[in-house]
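Asker: Supplied in structure tokens, the structure appears directly below.
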Amino acid sequence: MSKIPSLKTVEWKDNKVVMIDQTKLPNELVFVEYDDYNQVADAIRNLVVRGAPAIGISGAFGLALAALQSNASTKENLLEDLEKAKKILFETRPTAVNLAWGLERIMKTANSEDSVEQIRKLVINEAKKMADQDIEINKTMGKIGSELFDNNDTIMTHCNAGALATVAYGTALGVIRATKESGKKIKVIATETRPVQQGSRLTAFELKYDGIDVSLIPDTAVGYTMANNLVNKVIVGADRILRTGHVFNKIGTYQVATMAKQHKIPFYVAAPLSTFDMKSNPEDVIIEMRKGSEVTGIGDKKTAPDGIGVINPAFDMTPPELITGIITEKGVVKPSYEESIKKLFEAN
Ligand code: MRU
């Protein structure tokens with residue numbers, strides 16, 4: 001596949017939302033175009049677009065479509081239509097807090113004006129601004145995070161926290177990109193990330209695309225690679241970070257973090273401030289449960305018998321004591337997290 005320099009995961013073009021269909025990667029690079037917010041909701045639900053920041057921006061673009069789709073002639077009716085669309089978009093995926101963040105920010109914008117035409121314009125502009133800011137935030141976070149990585153590091157990552165999980169550049173992979181751009185030689189070990197293979201399909205694809213040395217491992221080889229000194233740092237993204245420093249991320253992150261602690265390997269998380277949820281407690285967070293067929297098969301091929309039970313949580317929670325540092329666009333927070341996250345938010 002030839003290299004496309006400015007690949008954007010999700011974009012607003014001519015009053016439509018354009019996305020890379022991530023379900024088709026790495027075999028085909030296909031762009032899909034939507035002019036109905038219900039299509040955007042389906043795309044989020046079916047992982048056409050996925051990754052916390054990317055679904056936050058997609059939700060915002062979905063509401064911008066809803067504003068264009070609405071026939072309302074009064075502010076009150078337009079806000080009613082937006083609330084209806086917001087509910088449908090919000091219910092697509094429960095764990096990543098960025099979705100609620102993106103939707104709330106657009107609703108706030110919509111509420112700030114009186115004329116219906118002005119609201120439509122403002123909402124579209126705000127969603128586009130959020131998409132541009134996402135790239136800037138990732139680049140800043142990348143630079144800050146790159147200071148924590150050294151020449152000749154081999155860095156493990158889990159799932160996909162790259163350009164494809166954001167508008168562009170990436171959170172955890174943004175740090176990896178920035179480390180390489182700073183002139184340091186690095187290698188990456190990407191876990192496959194069963195069951196939907198975001199690691200092999202997306203992370204390995206992106207890193208190869210960017211000329212970064214990447215080796216793929218089965219999820220079951222995390223312990224082996226750590227025990228055999230093949231990894232010296234870990235970095236992952238996040239779908240939700242609580243004020244206590246509990247990190248919700250792709251299923252398996254907790255296992256990687258536990259294994260890293262066992263082998264005294266630093267474990268970092270990279271996420272923008274929009275991924276922090278300062279209100280919830282660990283037990284309040286809904287872990288998305290996905291369909292069993294993701295586990296009983298790989299793609300269209302069945303790998304398990306019919307008639308068995310399946311447990312398929314999409315995310316898990318990594319407790320703060322396993323985390324060496326959390327990289328944000330405003331700096332790196334370290335233990336004790338309750339205190340350092342509070343300070344971070346007070347200062348920003
Ligand atoms: O189910 P997904 O693919 O949406 O899950 C994505 C992840 O867990 C990512 O690691 C996370 O969103 C961080 S992305 C910058």
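So you can find residues: chains in the structure tokens are A, B, ... in the order shown, residues in each start at 1, and ligands are numbered from 1 in order.
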Find the residues near region 251-257 of chain A: any atom within 7 Å, counting only C-alpha atoms, skip ones fewer than 6 places away on the same chain, and give them as a count of residues only.

Answerer: 10

Asker: Which residues form the shell of 6 Å around ligand 1 when you count only C-alpha atoms and all ligand atoms, given as a PDB file with N, CA, C and O atoms, in the first residue's frame?

Answerer:
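File pocket-v1.pdb, as written:
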ATOM      1  N   ARG A  50     -12.967   3.887  15.928  1.00  0.00           N
ATOM      2  CA  ARG A  50     -12.831   3.441  17.319  1.00  0.00           C
ATOM      3  C   ARG A  50     -11.636   4.137  17.922  1.00  0.00           C
ATOM      4  O   ARG A  50     -10.897   4.837  17.221  1.00  0.00           O
ATOM      5  N   GLY A  51     -11.414   3.950  19.224  1.00  0.00           N
ATOM      6  CA  GLY A  51     -10.357   4.696  19.921  1.00  0.00           C
ATOM      7  C   GLY A  51     -11.017   5.916  20.561  1.00  0.00           C
ATOM      8  O   GLY A  51     -11.795   6.623  19.893  1.00  0.00           O
ATOM      9  N   ALA A  52     -10.710   6.139  21.842  1.00  0.00           N
ATOM     10  CA  ALA A  52     -11.448   7.148  22.615  1.00  0.00           C
ATOM     11  C   ALA A  52     -11.487   8.546  21.974  1.00  0.00           C
ATOM     12  O   ALA A  52     -12.570   9.098  21.745  1.00  0.00           O
ATOM     13  N   PRO A  53     -10.322   9.153  21.636  1.00  0.00           N
ATOM     14  CA  PRO A  53     -10.411  10.500  21.069  1.00  0.00           C
ATOM     15  C   PRO A  53     -11.147  10.526  19.721  1.00  0.00           C
ATOM     16  O   PRO A  53     -11.921  11.450  19.448  1.00  0.00           O
ATOM     17  N   CYS A 159      -3.154  -2.725  22.117  1.00  0.00           N
ATOM     18  CA  CYS A 159      -4.282  -2.158  21.373  1.00  0.00           C
ATOM     19  C   CYS A 159      -3.772  -1.143  20.357  1.00  0.00           C
ATOM     20  O   CYS A 159      -2.627  -1.236  19.910  1.00  0.00           O
ATOM     21  N   ASN A 160      -4.598  -0.189  19.991  1.00  0.00           N
ATOM     22  CA  ASN A 160      -4.137   0.872  19.082  1.00  0.00           C
ATOM     23  C   ASN A 160      -4.475   2.209  19.699  1.00  0.00           C
ATOM     24  O   ASN A 160      -5.655   2.549  19.882  1.00  0.00           O
ATOM     25  N   ALA A 161      -3.440   2.953  20.048  1.00  0.00           N
ATOM     26  CA  ALA A 161      -3.595   4.314  20.564  1.00  0.00           C
ATOM     27  C   ALA A 161      -2.803   5.219  19.625  1.00  0.00           C
ATOM     28  O   ALA A 161      -2.004   6.042  20.037  1.00  0.00           O
ATOM     29  N   ALA A 165      -6.706   5.977  16.312  1.00  0.00           N
ATOM     30  CA  ALA A 165      -7.571   6.092  17.491  1.00  0.00           C
ATOM     31  C   ALA A 165      -7.866   7.561  17.806  1.00  0.00           C
ATOM     32  O   ALA A 165      -8.560   7.865  18.786  1.00  0.00           O
ATOM     33  N   THR A 166      -7.310   8.444  16.989  1.00  0.00           N
ATOM     34  CA  THR A 166      -7.467   9.888  17.199  1.00  0.00           C
ATOM     35  C   THR A 166      -7.777  10.491  15.818  1.00  0.00           C
ATOM     36  O   THR A 166      -8.068   9.756  14.885  1.00  0.00           O
ATOM     37  N   THR A 171      -1.994   9.052  20.603  1.00  0.00           N
ATOM     38  CA  THR A 171      -1.630   9.359  21.991  1.00  0.00           C
ATOM     39  C   THR A 171      -0.368   8.556  22.357  1.00  0.00           C
ATOM     40  O   THR A 171       0.741   9.084  22.286  1.00  0.00           O
ATOM     41  N   GLY A 237      -2.636   3.788  25.651  1.00  0.00           N
ATOM     42  CA  GLY A 237      -3.575   4.912  25.730  1.00  0.00           C
ATOM     43  C   GLY A 237      -4.585   4.651  26.834  1.00  0.00           C
ATOM     44  O   GLY A 237      -4.376   3.776  27.681  1.00  0.00           O
ATOM     45  N   ALA A 238      -5.689   5.395  26.817  1.00  0.00           N
ATOM     46  CA  ALA A 238      -6.735   5.187  27.818  1.00  0.00           C
ATOM     47  C   ALA A 238      -8.077   5.614  27.254  1.00  0.00           C
ATOM     48  O   ALA A 238      -8.156   6.501  26.403  1.00  0.00           O
ATOM     49  N   ASP A 239      -9.113   4.959  27.752  1.00  0.00           N
ATOM     50  CA  ASP A 239     -10.492   5.320  27.385  1.00  0.00           C
ATOM     51  C   ASP A 239     -11.140   6.177  28.459  1.00  0.00           C
ATOM     52  O   ASP A 239     -12.079   6.915  28.185  1.00  0.00           O
ATOM     53  N   ASN A 249      -8.848   0.888  29.941  1.00  0.00           N
ATOM     54  CA  ASN A 249      -8.323   0.785  28.567  1.00  0.00           C
ATOM     55  C   ASN A 249      -8.651  -0.604  28.024  1.00  0.00           C
ATOM     56  O   ASN A 249      -9.219  -1.450  28.728  1.00  0.00           O
ATOM     57  N   LYS A 250      -8.277  -0.839  26.800  1.00  0.00           N
ATOM     58  CA  LYS A 250      -8.582  -2.092  26.097  1.00  0.00           C
ATOM     59  C   LYS A 250      -8.310  -3.322  26.951  1.00  0.00           C
ATOM     60  O   LYS A 250      -7.301  -3.379  27.665  1.00  0.00           O
TER      61      LYS A 250
END

Asker: So that I can check the surroundings of Ser58 (chain A), please list as a list in words every protein, DNA and RNA residue that reaches within 10 Å of it, counting only C-alpha atoms and ignoring chain neighbours fewer than 5 positions away.

Answerer: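 My list of contacting residues is Thr9, Val10, Glu11, Trp12, Val17, Val18, Met19, Tyr37, Val40, Ala41, Ala43, Ile44, Val49, Arg50, Ala52, Pro53, Leu63, Ala64, Leu89, Leu99, Gly102, Leu103, Ala127, Ala131, Thr166 and Val167 of chain A.
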
Asker: Nearest to Arg290 (chain A) among A:Ile311, A:Thr225, A:Ile137, A:Glu33, with distances taken over only C-alpha atoms: which residue is it?

Answerer: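 Looking only at the distances to Arg290 (chain A), the closest residue turns out to be A:Ile311.
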
Asker: Once DSSP has gone over the backbone, tell me which residues of region 1-89 of chain A are in strand (DSSP E or B), as a PyMOL selection string.

Answerer: chain A and resi 10-13+16-20+31-34

Asker: Report, in Å with one decimal, the straight-line distance from CA of Phe61 (chain A) to CA of Ile124 (chain A).

Answerer: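 For CA of Phe61 (chain A) relative to CA of Ile124 (chain A), the distance reads 7.3 Å.
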
Asker: At a cut-off of 10 Å, using only C-alpha atoms, what residues contact Phe345 (chain A)? Leave out same-chain residues fewer than 2 positions from it and give the result as a PyMOL selection string.

Answerer: chain A and resi 243+273+276+278+330+340-343+347-348

Asker: Write out as JSON, numbers by chain all residues of region 62-183 of chain A that backbone DSSP assigns to alpha helix (DSSP H).

Answerer: {"A": [62, 63, 64, 65, 66, 67, 68, 69, 75, 76, 77, 78, 79, 80, 81, 82, 83, 84, 85, 86, 87, 88, 89, 90, 97, 98, 99, 100, 101, 102, 103, 104, 105, 106, 107, 108, 109, 110, 111, 116, 117, 118, 119, 120, 121, 122, 123, 124, 125, 126, 127, 128, 129, 130, 131, 132, 133, 134, 135, 136, 137, 138, 139, 140, 141, 142, 143, 144, 145, 146, 172, 173, 174, 175, 176, 177, 178, 179, 180, 181]}
